[in-house]
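Enquirer: Provided herewith is a single structure, encoded as structure tokens, for subsequent inquiry.
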Amino acid sequence: MTFLSVNVNKIAVLRNSRGGSEPDVVQAARACLDAGAHGITVHPRPDARHIRAADVYALGGLAGARGVEFNLEGNPFAPPREGYPGFLALCEAVRPAQATLVPDGDDQLTSDHGFDFLRDAGRLQPLVRQLRDMGCRVSLFADAWDPRRSEGIEHAAQIGADRIELYTGPYADAFDRGEQACMLERFAAIARRAQAAGLGVNAGHDLSQANLGAFLAAVPGVLEVSIGHALIGEALHAGLSATVRGYLAILDRAAGDPYR
Ligand SMILES: CC(=O)[C@@H](O)[C@H](O)COP(=O)(O)O
Ligand SMILES: NCC(=O)COP(=O)(O)O
């Protein structure tokens, strides 16, 4: 069984667009867990464009109270700044069940590549150890489509990581073009190599109800998918009709009010 961890970054995007606290990320996370999601993911960015440190603390508390996995994603090399204490400091404070390290820069619109393990293993090793000492399972964001980056995937196991997370953005793009077959073969091959090295395999980025089934059918043993962007968009579409009907019911009641 593959676990679903819902990424609630996009709820915070909406909230921050108006200031204030609505829509509330903790309430959204609670709804996801009530519906059966296995965990909650957030990927706070140093510029606090969506998830803020306070959200991380609140969601960590919710996950702890509900006994579900909290997956905290981020770049461990990004320096702290005002409003962002740094990835390791956040992990120290909330002790997420899983820390997913992602090598992205502040200037990126979103995550778009995994680690180059041949190059990055040395500097990752002490961080992996620190996070494991905090009690976190450690997962490293990994490419499957770019042979140069996935070349040293076994190094992830050698430096003590528990899992990799396959960056599925290129798969989602290929799926949209109807050209996913060759991409799926590459993902399946890297997943098998990682598993042979003793690593668990997670996956995420741009997965959706349209492309998830084919991915899981082709790639063996995926332990967890973290999904946010498409899931929150799909949830908006799924909920729009009912919400509009709710407003119309209010207007109907008001029209029948003789004191109006
Ligand atoms: C690592 C990954 O693929 C996701 O965490 C993704 O980066 C979400 O981040 P944004 O919501 O900022 O795009
Ligand atoms: N790790 C991937 C994630 O958390 C969500 O990515 P996306 O579904 O928002 O693209």
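Convention: chains lettered A, B, ... in structure tokens order; per-chain residue numbering from 1; ligands numbered from 1 as shown.
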Taking 3 positions as the minimum chain separation for residues in the same chain, which residues sit within 9 Å of Ile159 in chain A when counting only C-alpha atoms? Answer as a list in words.
Expert: Ala121, Gly122, Leu124, Gln125, Pro126, Val128, Arg129, His155 and Ala156 of chain A
Enquirer: Pick out the residues no farther than 9 Å from ligand 2, counting only C-alpha atoms and all ligand atoms, and list them as a ChimeraX atom specification.
Expert: /A:5-10,40-43,71-73,100,102,110-111,141,165-169,202-208,225-232
Enquirer: Put those residues in a file: C-alpha atoms, as a JSON list (two decimals), in the first residue's frame.
Expert:
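Result saved to part-v2.json:
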[["chain", "number", "residue", "atom", "x", "y", "z"],
["A", 5, "SER", "CA", 0.87, 12.56, 2.18],
["A", 6, "VAL", "CA", -1.02, 15.71, 1.24],
["A", 7, "ASN", "CA", 1.11, 18.81, 0.63],
["A", 8, "VAL", "CA", -0.80, 21.87, 1.90],
["A", 9, "ASN", "CA", 1.58, 24.54, 0.55],
["A", 10, "LYS", "CA", -1.10, 25.77, -1.85],
["A", 40, "ILE", "CA", 0.85, 15.88, 5.76],
["A", 41, "THR", "CA", 3.71, 17.41, 3.80],
["A", 42, "VAL", "CA", 4.91, 21.00, 3.67],
["A", 43, "HIS", "CA", 7.85, 22.53, 1.90],
["A", 71, "ASN", "CA", 6.94, 15.18, 6.18],
["A", 72, "LEU", "CA", 9.00, 18.35, 6.17],
["A", 73, "GLU", "CA", 10.73, 19.18, 2.92],
["A", 100, "THR", "CA", 12.98, 15.26, 2.78],
["A", 102, "VAL", "CA", 15.57, 19.02, -1.69],
["A", 110, "THR", "CA", 9.20, 25.23, -7.60],
["A", 111, "SER", "CA", 11.44, 22.17, -7.16],
["A", 141, "PHE", "CA", 15.06, 14.16, -3.61],
["A", 165, "GLU", "CA", 11.92, 10.70, -3.32],
["A", 166, "LEU", "CA", 11.72, 10.38, -7.09],
["A", 167, "TYR", "CA", 11.14, 13.80, -8.69],
["A", 168, "THR", "CA", 8.12, 13.04, -10.89],
["A", 169, "GLY", "CA", 7.77, 16.40, -12.67],
["A", 202, "ASN", "CA", 8.87, 7.81, -2.33],
["A", 203, "ALA", "CA", 7.66, 9.91, -5.24],
["A", 204, "GLY", "CA", 6.29, 13.37, -5.80],
["A", 205, "HIS", "CA", 5.83, 16.48, -7.88],
["A", 206, "ASP", "CA", 2.96, 17.17, -10.25],
["A", 207, "LEU", "CA", 1.32, 13.84, -9.58],
["A", 208, "SER", "CA", -2.43, 13.99, -10.13],
["A", 225, "VAL", "CA", 3.48, 9.85, -2.69],
["A", 226, "SER", "CA", 3.31, 13.49, -1.61],
["A", 227, "ILE", "CA", 0.84, 15.48, -3.66],
["A", 228, "GLY", "CA", -0.18, 19.13, -3.40],
["A", 229, "HIS", "CA", -0.54, 21.31, -6.45],
["A", 230, "ALA", "CA", -2.87, 19.10, -8.50],
["A", 231, "LEU", "CA", -4.72, 17.75, -5.47],
["A", 232, "ILE", "CA", -5.63, 21.20, -4.17]]
Enquirer: Which of range 56-259 of chain A counts as helix (DSSP H, G or I) under DSSP, as a VMD selection string please?
Expert: chain A and resid 56 to 66 87 to 94 117 to 133 147 to 150 154 to 158 169 to 176 180 to 196 212 to 218 229 to 255
Enquirer: Which residue is closest to Val13 in chain A? Choose from A:Val26, A:Ala78, A:Ala48, A:Leu127 and count only C-alpha atoms.
Expert: A:Ala48
Enquirer: Taking into account only C-alpha atoms and all ligand atoms, which residue in the set A:Leu184, A:Ala54, A:Ala99, A:Val94 is nearest to ligand 1?
Expert: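 Comparing A:Leu184, A:Ala54, A:Ala99, A:Val94 against ligand 1, the winner is A:Ala99.
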Enquirer: Identify which of the residues A:Ala238, A:Ala214, A:Leu140, A:Ala157 lies closest to ligand 1, counting only C-alpha atoms and all ligand atoms when measuring atom-to-atom distances.
Expert: A:Leu140
Enquirer: Which of these residues is nearest to ligand 1, using only C-alpha atoms and all ligand atoms: A:Gly19, A:Gly64, A:Gly114, A:Gly213?
Expert: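 Closest residue, counting only C-alpha atoms and all ligand atoms: A:Gly114.
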Enquirer: Have a look at A:Val244, A:Ile11, A:Leu62, A:Ala28 and name the one nearest to Arg49 in chain A; count only C-alpha atoms.
Expert: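 Using only C-alpha atoms, the shortest distance to Arg49 in chain A belongs to A:Ile11.
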Enquirer: Would you mind reading off the distance between CA of Gln195 in chain A and CA of Gln158 in chain A, one decimal, in Å?
Expert: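 Going from CA of Gln195 in chain A over to CA of Gln158 in chain A covers 12.8 Å.
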Enquirer: So that I can check the surroundings of Ala53 in chain A, please list as a list in words every protein, DNA and RNA residue that reaches within 9 Å of it, counting only C-alpha atoms and ignoring chain neighbours fewer than 6 positions away.
Expert: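 The filter keeps Pro44, Gly83, Tyr84, Pro85 and Leu90 of chain A.
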Enquirer: CA of Ala196 in chain A to CA of Ala172 in chain A: how many Å, to one decimal?
Expert: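 Separation between CA of Ala196 in chain A and CA of Ala172 in chain A: 25.2 Å.
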Enquirer: Restricting the calculation to only C-alpha atoms, which member of A:Ala210, A:Ala255, A:Leu118, A:Ala89 is positioned closest to Asp173 in chain A?
Expert: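 Checking each candidate against Asp173 in chain A, we get A:Ala210 as the closest.
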